[in-house]
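The structure file start.csv is reproduced below (CSV, C-alpha atoms and all ligand atoms).
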chain,number,residue,atom,x,y,z
T,1,MET,CA,108.4,107.2,91.2
T,2,LEU,CA,108.3,110.1,93.5
T,3,ASP,CA,111.4,111.8,95.0
T,4,THR,CA,110.4,111.4,98.7
T,5,ILE,CA,111.5,114.3,100.9
T,6,PHE,CA,112.8,113.3,104.3
T,7,GLU,CA,113.0,116.1,106.9
T,8,LYS,CA,113.5,116.2,110.7
T,9,VAL,CA,111.2,118.3,112.8
T,10,ASP,CA,111.7,119.1,116.5
T,11,ASN,CA,109.1,117.1,118.3
T,12,LEU,CA,109.1,119.3,121.4
T,13,ASN,CA,108.9,122.6,119.5
T,14,PRO,CA,107.8,122.0,115.9
T,15,ASN,CA,107.7,125.8,115.3
T,16,ASN,CA,111.5,125.6,115.3
T,17,ASP,CA,111.1,123.8,112.0
T,18,ILE,CA,108.2,125.8,110.6
T,19,VAL,CA,109.7,125.8,107.1
T,20,ALA,CA,109.5,122.0,106.9
T,21,LEU,CA,106.0,122.0,108.4
T,22,LYS,CA,104.8,124.5,105.8
T,23,LYS,CA,106.4,122.4,103.0
T,24,ALA,CA,104.5,119.4,104.3
T,25,ALA,CA,101.2,121.4,104.6
T,26,ASN,CA,101.7,122.6,101.0
T,27,ILE,CA,102.1,119.1,99.7
T,28,LEU,CA,98.9,118.1,101.6
T,29,LYS,CA,97.0,121.1,100.2
T,30,ASN,CA,98.0,119.9,96.7
T,31,ASN,CA,96.5,116.4,97.5
T,32,GLY,CA,99.9,114.8,98.1
T,33,LEU,CA,100.9,112.3,100.9
T,34,VAL,CA,103.0,113.1,104.0
T,35,ALA,CA,103.9,110.7,106.7
T,36,PHE,CA,104.2,112.2,110.2
T,37,PRO,CA,104.7,111.0,113.7
T,38,THR,CA,101.8,110.5,116.2
T,39,GLU,CA,102.0,109.2,119.8
T,40,THR,CA,100.8,105.8,118.6
T,41,VAL,CA,102.6,105.0,115.3
T,42,TYR,CA,103.6,107.0,112.2
T,43,GLY,CA,100.6,108.0,110.1
T,44,LEU,CA,100.4,108.4,106.3
T,45,GLY,CA,98.4,111.7,105.9
T,46,ALA,CA,96.2,113.0,103.1
T,47,ASN,CA,93.4,115.5,103.0
T,48,ALA,CA,90.5,113.5,104.4
T,49,LEU,CA,87.9,115.5,102.5
T,50,GLU,CA,89.5,115.0,99.1
T,51,GLU,CA,88.8,111.8,97.3
T,52,GLU,CA,91.7,112.2,94.9
T,53,ALA,CA,94.1,112.6,97.9
T,54,VAL,CA,92.7,109.8,99.9
T,55,LYS,CA,92.8,107.3,97.0
T,56,LYS,CA,96.6,107.8,96.9
T,57,ILE,CA,96.9,106.4,100.5
T,58,TYR,CA,95.3,103.1,99.5
T,59,ILE,CA,97.6,102.9,96.4
T,60,ALA,CA,100.8,103.8,98.3
T,61,LYS,CA,100.1,101.3,101.1
T,62,GLY,CA,98.5,98.6,98.9
T,63,ARG,CA,95.6,98.8,101.3
T,64,PRO,CA,92.3,97.1,100.5
T,65,SER,CA,89.8,99.8,99.5
T,66,ASP,CA,87.2,98.6,102.0
T,67,ASN,CA,89.5,99.2,105.0
T,68,PRO,CA,88.5,102.6,106.3
T,69,LEU,CA,90.9,105.4,107.4
T,70,ILE,CA,91.1,107.2,110.7
T,71,VAL,CA,90.5,111.0,110.3
T,72,HIS,CA,92.8,113.1,112.5
T,73,ILE,CA,91.7,116.6,113.8
T,74,ALA,CA,93.4,119.1,116.0
T,75,ASP,CA,90.5,120.5,118.0
T,76,LYS,CA,87.4,118.9,119.5
T,77,LYS,CA,85.1,121.4,117.8
T,78,ASP,CA,86.4,120.1,114.4
T,79,ILE,CA,84.5,116.8,114.8
T,80,TYR,CA,81.1,118.5,114.3
T,81,PRO,CA,81.2,119.0,110.5
T,82,LEU,CA,82.5,115.4,110.0
T,83,VAL,CA,79.6,113.5,111.8
T,84,ASP,CA,75.9,113.4,112.0
T,85,SER,CA,75.8,114.1,115.7
T,86,VAL,CA,77.9,113.6,118.8
T,87,PRO,CA,76.1,111.5,121.4
T,88,LYS,CA,76.7,112.2,125.1
T,89,ASN,CA,78.9,109.2,125.6
T,90,ALA,CA,81.2,110.2,122.7
T,91,LEU,CA,81.4,113.7,124.3
T,92,ILE,CA,82.5,112.2,127.6
T,93,LEU,CA,85.1,110.1,125.9
T,94,MET,CA,86.4,113.1,123.9
T,95,GLU,CA,86.7,115.2,127.1
T,96,LYS,CA,88.5,112.5,129.0
T,97,PHE,CA,90.8,111.0,126.3
T,98,TRP,CA,91.4,113.6,123.6
T,99,PRO,CA,94.0,114.4,122.6
T,100,GLY,CA,95.0,110.8,122.8
T,101,ALA,CA,95.1,107.2,121.5
T,102,LEU,CA,91.3,106.8,121.4
T,103,THR,CA,89.5,106.7,118.0
T,104,ILE,CA,85.8,107.2,118.0
T,105,ILE,CA,83.5,105.9,115.3
T,106,LEU,CA,80.3,107.8,114.6
T,107,LYS,CA,77.8,108.2,111.8
T,108,LYS,CA,79.5,110.3,109.1
T,109,SER,CA,78.3,113.5,107.5
T,110,SER,CA,78.2,114.0,103.8
T,111,ILE,CA,81.5,115.9,103.6
T,112,ILE,CA,83.4,112.6,104.3
T,113,PRO,CA,84.0,110.9,101.0
T,114,LYS,CA,83.2,107.2,100.8
T,115,THR,CA,86.8,106.5,99.9
T,116,THR,CA,87.8,107.8,103.4
T,117,SER,CA,85.2,105.7,105.2
T,118,GLY,CA,85.9,102.6,103.1
T,119,GLY,CA,82.4,102.7,101.7
T,120,LEU,CA,80.8,102.7,105.2
T,121,ASP,CA,78.3,105.3,106.5
T,122,THR,CA,80.4,105.9,109.6
T,123,VAL,CA,83.7,107.7,110.2
T,124,ALA,CA,86.6,107.1,112.7
T,125,VAL,CA,88.0,110.3,114.3
T,126,ARG,CA,90.7,111.1,116.8
T,127,ILE,CA,92.9,114.0,118.0
T,128,PRO,CA,96.6,112.8,118.2
T,129,ASN,CA,98.6,113.7,121.2
T,130,ASN,CA,101.7,114.7,119.3
T,131,LYS,CA,102.9,118.3,118.7
T,132,ILE,CA,104.1,117.7,115.2
T,133,ALA,CA,100.8,116.1,114.2
T,134,LEU,CA,98.8,118.8,115.7
T,135,SER,CA,100.8,121.6,114.2
T,136,LEU,CA,100.6,120.0,110.8
T,137,ILE,CA,96.8,119.6,110.9
T,138,LYS,CA,96.5,123.2,112.0
T,139,GLU,CA,98.8,124.4,109.3
T,140,CYS,CA,96.7,122.5,106.7
T,141,GLY,CA,93.3,123.8,108.0
T,142,PHE,CA,91.6,120.5,107.1
T,143,PRO,CA,91.4,117.0,108.7
T,144,LEU,CA,94.0,114.4,107.8
T,145,ALA,CA,93.1,110.8,107.0
T,146,ALA,CA,96.1,108.9,108.3
T,147,PRO,CA,96.4,105.1,108.5
T,148,SER,CA,99.6,103.7,109.8
T,149,ALA,CA,102.4,104.6,107.4
T,150,ASN,CA,103.5,101.1,106.4
T,151,THR,CA,103.1,98.9,103.4
T,152,SER,CA,99.9,96.9,104.1
T,153,THR,CA,100.6,93.6,105.9
T,154,LYS,CA,103.9,94.8,107.4
T,155,PRO,CA,104.4,95.8,111.1
T,156,SER,CA,103.3,99.4,111.8
T,157,PRO,CA,106.1,102.0,111.7
T,158,THR,CA,107.3,103.5,115.0
T,159,ILE,CA,110.3,105.4,113.7
T,160,ALA,CA,110.7,107.5,110.5
T,161,SER,CA,113.1,105.1,108.9
T,162,HIS,CA,110.5,102.3,109.0
T,163,VAL,CA,108.3,104.6,106.9
T,164,TYR,CA,111.1,105.5,104.5
T,165,ASN,CA,112.0,101.8,104.0
T,166,ASP,CA,108.4,100.9,103.1
T,167,LEU,CA,107.2,103.9,101.2
T,168,LYS,CA,110.2,105.6,99.6
T,169,GLY,CA,109.3,106.7,96.0
T,170,LYS,CA,105.6,106.2,96.7
T,171,ILE,CA,104.9,109.2,98.9
T,172,ASP,CA,105.9,112.9,98.8
T,173,MET,CA,107.4,113.4,102.2
T,174,VAL,CA,108.3,111.8,105.6
T,175,ILE,CA,108.6,114.0,108.7
T,176,ASP,CA,111.1,112.5,111.1
T,177,GLY,CA,109.9,113.4,114.6
T,178,GLY,CA,111.7,110.6,116.5
T,179,SER,CA,110.2,107.5,118.0
T,180,CYS,CA,106.5,107.2,118.8
T,181,ASP,CA,105.6,107.2,122.6
T,182,PHE,CA,103.3,104.1,122.5
T,183,GLY,CA,104.4,102.2,119.5
T,184,ILE,CA,100.9,100.5,119.1
T,185,GLU,CA,97.9,101.9,117.2
T,186,SER,CA,95.0,103.6,118.9
T,187,THR,CA,92.1,101.9,120.6
T,188,VAL,CA,89.1,102.0,118.2
T,189,VAL,CA,85.6,102.3,119.7
T,190,GLU,CA,82.2,102.4,118.0
T,191,VAL,CA,79.7,104.6,119.9
T,192,CYS,CA,76.1,103.7,119.3
T,193,GLU,CA,73.4,105.2,121.5
T,194,ASN,CA,74.3,103.9,124.9
T,195,ASN,CA,76.7,101.1,123.8
T,196,ILE,CA,80.4,101.4,123.3
T,197,THR,CA,82.2,98.6,121.5
T,198,ILE,CA,85.9,98.2,121.4
T,199,LEU,CA,86.7,97.2,117.8
T,200,ARG,CA,90.5,97.3,118.2
T,201,PRO,CA,92.3,97.2,121.6
T,202,GLY,CA,95.0,99.7,122.2
T,203,SER,CA,96.8,101.6,125.0
T,204,ILE,CA,93.5,103.1,126.2
T,205,THR,CA,92.2,100.0,127.9
T,206,LYS,CA,88.7,98.7,128.6
T,207,GLU,CA,89.4,99.4,132.3
T,208,MET,CA,90.1,103.0,131.5
T,209,LEU,CA,86.9,103.3,129.5
T,210,ASP,CA,84.9,101.6,132.2
T,211,ASN,CA,86.0,104.3,134.6
T,212,VAL,CA,84.2,107.0,132.7
T,213,VAL,CA,81.3,105.4,130.8
T,214,ASP,CA,78.9,102.4,131.1
T,215,ASN,CA,78.2,99.5,128.8
T,216,VAL,CA,81.7,99.0,127.3
T,217,THR,CA,82.1,95.7,125.5
T,218,ILE,CA,84.9,94.1,123.5
T,219,ASP,CA,83.9,93.0,120.0
T,220,LYS,CA,83.8,89.2,119.8
T,221,SER,CA,86.2,89.2,116.8
T,222,ILE,CA,89.0,90.3,119.2
T,223,LEU,CA,88.5,87.4,121.6
T,224,ASN,CA,87.3,84.8,119.1
T,225,TYR,CA,90.7,83.3,118.3
T,226,ASN,CA,91.7,83.0,121.9
T,227,THR,CA,91.4,79.2,121.8
T,228,ASN,CA,93.7,76.2,121.7
T,229,ILE,CA,94.6,76.9,118.1
T,230,LEU,CA,97.0,74.5,116.5
T,231,ALA,CA,98.4,76.1,113.4
T,232,LYS,CA,95.3,76.1,111.2
T,233,SER,CA,95.7,79.1,109.0
T,234,PRO,CA,92.5,81.2,108.9
T,235,GLY,CA,93.5,82.7,105.5
T,236,MET,CA,95.3,85.6,104.0
T,237,LYS,CA,92.6,88.1,104.8
T,238,TYR,CA,93.8,88.2,108.4
T,239,LYS,CA,97.4,88.9,107.5
T,240,HIS,CA,98.6,92.0,109.3
T,241,TYR,CA,101.6,93.4,111.1
T,242,ALA,CA,103.7,90.5,109.8
T,243,PRO,CA,107.4,90.3,109.3
T,244,LEU,CA,108.7,88.1,106.4
T,245,GLY,CA,109.5,85.1,108.7
T,246,ASP,CA,106.9,82.8,110.2
T,247,ILE,CA,105.9,83.7,113.7
T,248,PHE,CA,104.8,81.2,116.4
T,249,ILE,CA,103.3,82.3,119.7
T,250,ILE,CA,104.1,79.9,122.5
T,251,ASP,CA,101.5,80.0,125.3
T,252,GLY,CA,101.3,78.3,128.7
T,253,ASN,CA,103.4,77.9,131.8
T,254,ILE,CA,106.6,79.9,131.5
T,255,ASP,CA,109.0,76.9,132.2
T,256,ASN,CA,107.2,74.9,129.5
T,257,ILE,CA,107.4,77.8,127.1
T,258,VAL,CA,111.2,78.1,127.6
T,259,SER,CA,111.9,74.4,127.1
T,260,TYR,CA,109.5,74.1,124.1
T,261,ILE,CA,111.2,77.1,122.4
T,262,SER,CA,114.7,75.9,123.2
T,263,ASN,CA,113.9,72.5,121.6
T,264,CYS,CA,112.5,74.2,118.5
T,265,LEU,CA,115.6,76.4,118.2
T,266,GLU,CA,117.9,73.4,118.7
T,267,ASN,CA,116.1,71.5,115.9
T,268,ASP,CA,116.1,74.5,113.6
T,269,LYS,CA,119.9,74.9,114.1
T,270,LYS,CA,120.4,71.2,113.1
T,271,ASN,CA,118.3,71.8,110.0
T,272,ASN,CA,120.0,75.1,109.0
T,273,ILE,CA,116.8,77.1,109.5
T,274,LYS,CA,117.5,80.7,110.5
T,275,SER,CA,115.3,81.1,113.6
T,276,ILE,CA,115.2,83.4,116.6
T,277,VAL,CA,113.3,83.8,119.9
T,278,ILE,CA,111.8,87.1,121.0
T,279,ALA,CA,112.1,86.8,124.8
T,280,SER,CA,111.3,88.9,127.8
T,281,ASP,CA,114.0,90.2,130.3
T,282,GLU,CA,112.8,87.5,132.7
T,283,THR,CA,113.6,84.6,130.4
T,284,ILE,CA,116.2,85.7,127.9
T,285,ASN,CA,119.1,84.2,129.8
T,286,ASN,CA,117.6,80.7,129.2
T,287,TYR,CA,118.3,81.0,125.5
T,288,SER,CA,122.0,81.9,125.7
T,289,SER,CA,123.1,79.4,123.1
T,290,PHE,CA,120.6,80.8,120.5
T,291,ASP,CA,119.9,84.0,118.6
T,292,THR,CA,117.6,86.2,120.7
T,293,LEU,CA,115.9,89.6,120.6
T,294,SER,CA,114.8,91.2,123.8
T,295,ILE,CA,111.4,92.8,124.0
T,296,GLY,CA,111.4,94.1,127.6
T,297,SER,CA,110.2,93.1,131.0
T,298,ARG,CA,106.9,91.2,131.5
T,299,LYS,CA,106.3,93.7,134.4
T,300,ASN,CA,106.1,96.5,131.9
T,301,LEU,CA,103.6,95.7,129.2
T,302,GLU,CA,103.6,99.3,128.0
T,303,LEU,CA,107.3,98.9,127.1
T,304,ILE,CA,106.6,95.6,125.4
T,305,ALA,CA,103.9,97.3,123.3
T,306,LYS,CA,106.3,100.1,122.4
T,307,ASN,CA,109.0,97.5,121.3
T,308,LEU,CA,106.7,95.1,119.5
T,309,PHE,CA,106.7,96.3,115.9
T,310,LYS,CA,110.3,97.5,116.0
T,311,THR,CA,111.4,94.0,117.1
T,312,LEU,CA,109.3,92.3,114.4
T,313,ARG,CA,111.0,94.6,111.8
T,314,GLU,CA,114.4,93.8,113.3
T,315,CYS,CA,113.7,90.1,112.4
T,316,ASP,CA,113.4,91.1,108.7
T,317,ASN,CA,116.7,93.0,108.9
T,318,LEU,CA,118.3,89.8,110.2
T,319,ASN,CA,116.6,87.7,107.5
T,320,ILE,CA,115.0,85.4,110.0
T,321,ASN,CA,112.8,82.5,108.7
T,322,LYS,CA,111.2,81.4,112.0
T,323,ILE,CA,110.3,83.6,115.0
T,324,TYR,CA,109.3,82.2,118.3
T,325,ILE,CA,107.7,84.6,120.8
T,326,GLU,CA,106.4,84.0,124.3
T,327,SER,CA,102.8,85.0,124.9
T,328,PHE,CA,101.8,87.7,127.3
T,329,LEU,CA,98.9,88.2,129.7
T,330,GLU,CA,95.8,89.4,127.9
T,331,GLU,CA,95.1,92.1,130.5
T,332,GLY,CA,95.1,95.9,130.2
T,333,ILE,CA,97.4,96.8,127.3
T,334,GLY,CA,98.4,93.1,127.1
T,335,LEU,CA,95.1,92.6,125.2
T,336,ALA,CA,96.4,95.0,122.5
T,337,VAL,CA,99.8,93.4,122.4
T,338,MET,CA,98.4,89.9,122.0
T,339,ASN,CA,95.8,91.1,119.4
T,340,ARG,CA,98.7,92.5,117.2
T,341,LEU,CA,100.8,89.5,117.8
T,342,LYS,CA,98.1,86.9,116.9
T,343,LYS,CA,97.5,88.7,113.6
T,344,ALA,CA,101.3,89.0,112.9
T,345,ALA,CA,101.5,85.2,113.6
T,346,ASN,CA,98.4,84.5,111.5
T,347,TYR,CA,97.0,82.9,114.6
T,348,LYS,CA,99.7,80.2,114.9
T,349,ILE,CA,99.5,79.7,118.7
T,350,ILE,CA,101.0,76.6,120.3
T,351,ARG,CA,99.9,75.8,123.8
T,352,VAL,CA,102.5,73.9,125.9
U,401,LIG,P1,95.1,102.0,110.8
U,401,LIG,O1,94.9,103.5,110.7
U,401,LIG,O2,95.9,101.5,109.6
U,401,LIG,O3,95.7,101.7,112.1
U,401,LIG,O4,93.7,101.3,110.7
U,401,LIG,C1,92.5,101.9,111.1
U,401,LIG,C2,91.6,100.9,111.8
U,401,LIG,O5,90.4,101.6,112.1
U,401,LIG,C3,91.3,99.8,110.9
U,401,LIG,O6,91.3,98.6,111.7
U,401,LIG,C4,90.0,100.1,110.4
U,401,LIG,O7,89.2,99.0,110.0
U,401,LIG,C5,89.3,100.8,111.6
U,401,LIG,N1,88.3,101.8,111.2
U,401,LIG,C6,88.4,103.0,110.6
U,401,LIG,N2,87.2,103.5,110.3
U,401,LIG,C7,86.3,102.6,110.7
U,401,LIG,C8,84.9,102.6,110.6
U,401,LIG,N3,84.2,103.6,110.1
U,401,LIG,N4,84.3,101.5,111.1
U,401,LIG,C9,84.9,100.5,111.6
U,401,LIG,N5,86.3,100.4,111.7
U,401,LIG,C10,87.0,101.5,111.2
U,402,MG,MG,97.5,99.9,110.0
Represent the structure contained in this file as structure tokens.
Amino acid sequence: MLDTIFEKVDNLNPNNDIVALKKAANILKNNGLVAFPTETVYGLGANALEEEAVKKIYIAKGRPSDNPLIVHIADKKDIYPLVDSVPKNALILMEKFWPGALTIILKKSSIIPKTTSGGLDTVAVRIPNNKIALSLIKECGFPLAAPSANTSTKPSPTIASHVYNDLKGKIDMVIDGGSCDFGIESTVVEVCENNITILRPGSITKEMLDNVVDNVTIDKSILNYNTNILAKSPGMKYKHYAPLGDIFIIDGNIDNIVSYISNCLENDKKNNIKSIVIASDETINNYSSFDTLSIGSRKNLELIAKNLFKTLRECDNLNINKIYIESFLEEGIGLAVMNRLKKAANYKIIRV
């Protein structure tokens, strides 16, 4: 059991807390683990080039060893030692979106240990757009492998206390830099010759990528489950982002959604099941006789993305057994929101 250090660092001017940053960098130089804020979610950092350090990430998170880590750098030139080559399309994306929430997958060089790449011959790289993260990477002088700083299967952490609650005693330090700007993980793209494939949707949308490069496609696995699914569990291997309670996504015409969820909540009440609805600003008043959590306005999907994981964790704090959530439009960042939500719900989508 480690004695996890918890320290606040000024997110506007991290140099005001240089002592804490140096402490964190020292831990990382000694192959320890430090959680730090990024603009997407909190990351659990280790020296990406040291197998011994990276192994600890998988253990602390309980992450399957074949799920590769994203390598975080602070300067575009720092990608060159990590990869075989940087194709023109990757350069265009780096110029346009870095620092930012776009992770680029390329063929790896030999300095990336197989543990970092989950056994693959490719590596995922990005530059985070967060002053604390950038200062920390620079202070270390090596790239940081940093998956989301949560216990595997739980919702990703968007504030430092989420990290602390999950990983206290398992990691060396948590840097508290306030809440993350986006609250949803980066967009992951694989760049292969002329083709760019979105493997994970995020706040950098397909439309934004289409504006700067050709041949962007969305991997089929993201769209595959977008069918009239009726509660057939595809198996534990898809479990991700999930609170302790069971989530049901209700999809369809908004009036039908509201009446379906209200009926479910009424039934649950009769049966003494602790349930809740996660509703939008536009619909929340329809559920006034039930327990509700608000996730924001449907007109502001960025805010819904930012609130999503926090709201799912709130359900755990309230010991909720059943969670009903209204579906959102799968457009722009809505694609990322629905992707996380479907995984959190283990694909339990009810069409009404
Ligand atoms: P996390 O950092 O926990 O948000 O997860 C990183 C995501 O990037 C996971 O979905 C990984 O499967 C994906 N990823 C990282 N590296 C690669 C890679 N080399 N090839 C494919 N996917 C990757
Ligand atoms: Mg994760």
Residue with smallest distance to ligand MG 402 (chain U) - pool T:Gly100, T:Pro155, T:Gly202, T:Gly334, counting all atoms listed in the file: T:Pro155
Set the distance at 9 Å and use all atoms listed in the file: which residues neighbour Ala344 (chain T) once local chain neighbours fewer than 6 positions away are removed? I'd like the list as a PyMOL selection string. chain T and resi 153-155+238-243+246-247+312
Selected residue of minimal separation from Val213 (chain T) among T:Leu2, T:Val71, T:Val123, T:Ala90, counting all atoms listed in the file: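 Checking each candidate against Val213 (chain T), we get T:Ala90 as the closest.
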Neighbours of ligand LIG 401 (chain U) at 9 Å or closer, counting all atoms listed in the file: which residues, as a PyMOL selection string? chain T and resi 41+43-44+63+66-71+103-108+116-125+145-150+152+156+184-190+199-200
For the selection just defined, write its residues with C-alpha atoms to a file, as a short mmCIF file (atom, residue, chain, number, x, y, z; two decimals), in the frame of the given file.
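File produced: result.cif:
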data_model
loop_
_atom_site.label_atom_id
_atom_site.label_comp_id
_atom_site.auth_asym_id
_atom_site.auth_seq_id
_atom_site.Cartn_x
_atom_site.Cartn_y
_atom_site.Cartn_z
CA VAL T 41 102.60 105.00 115.30
CA GLY T 43 100.60 108.00 110.10
CA LEU T 44 100.40 108.40 106.30
CA ARG T 63 95.60 98.80 101.30
CA ASP T 66 87.20 98.60 102.00
CA ASN T 67 89.50 99.20 105.00
CA PRO T 68 88.50 102.60 106.30
CA LEU T 69 90.90 105.40 107.40
CA ILE T 70 91.10 107.20 110.70
CA VAL T 71 90.50 111.00 110.30
CA THR T 103 89.50 106.70 118.00
CA ILE T 104 85.80 107.20 118.00
CA ILE T 105 83.50 105.90 115.30
CA LEU T 106 80.30 107.80 114.60
CA LYS T 107 77.80 108.20 111.80
CA LYS T 108 79.50 110.30 109.10
CA THR T 116 87.80 107.80 103.40
CA SER T 117 85.20 105.70 105.20
CA GLY T 118 85.90 102.60 103.10
CA GLY T 119 82.40 102.70 101.70
CA LEU T 120 80.80 102.70 105.20
CA ASP T 121 78.30 105.30 106.50
CA THR T 122 80.40 105.90 109.60
CA VAL T 123 83.70 107.70 110.20
CA ALA T 124 86.60 107.10 112.70
CA VAL T 125 88.00 110.30 114.30
CA ALA T 145 93.10 110.80 107.00
CA ALA T 146 96.10 108.90 108.30
CA PRO T 147 96.40 105.10 108.50
CA SER T 148 99.60 103.70 109.80
CA ALA T 149 102.40 104.60 107.40
CA ASN T 150 103.50 101.10 106.40
CA SER T 152 99.90 96.90 104.10
CA SER T 156 103.30 99.40 111.80
CA ILE T 184 100.90 100.50 119.10
CA GLU T 185 97.90 101.90 117.20
CA SER T 186 95.00 103.60 118.90
CA THR T 187 92.10 101.90 120.60
CA VAL T 188 89.10 102.00 118.20
CA VAL T 189 85.60 102.30 119.70
CA GLU T 190 82.20 102.40 118.00
CA LEU T 199 86.70 97.20 117.80
CA ARG T 200 90.50 97.30 118.20
#
I'd like the contact shell of region 56-58 of chain T - 8 Å cut-off, only C-alpha atoms, skipping same-chain residues fewer than 2 positions apart - returned as a list in words.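 In the requested form, the answer reads Gly32, Leu33, Leu44, Gly45, Ala46, Glu52, Ala53, Val54, Ala60, Lys61, Gly62, Arg63, Pro64 and Ser65 of chain T.
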Do you know which residues are at most 10 Å from Lys76 (chain T) counting only C-alpha atoms, after dropping those on the same chain fewer than 6 positions away, and could you put them as an MDAnalysis selection string? chainID T and resid 91 94:95 98:99 126:127
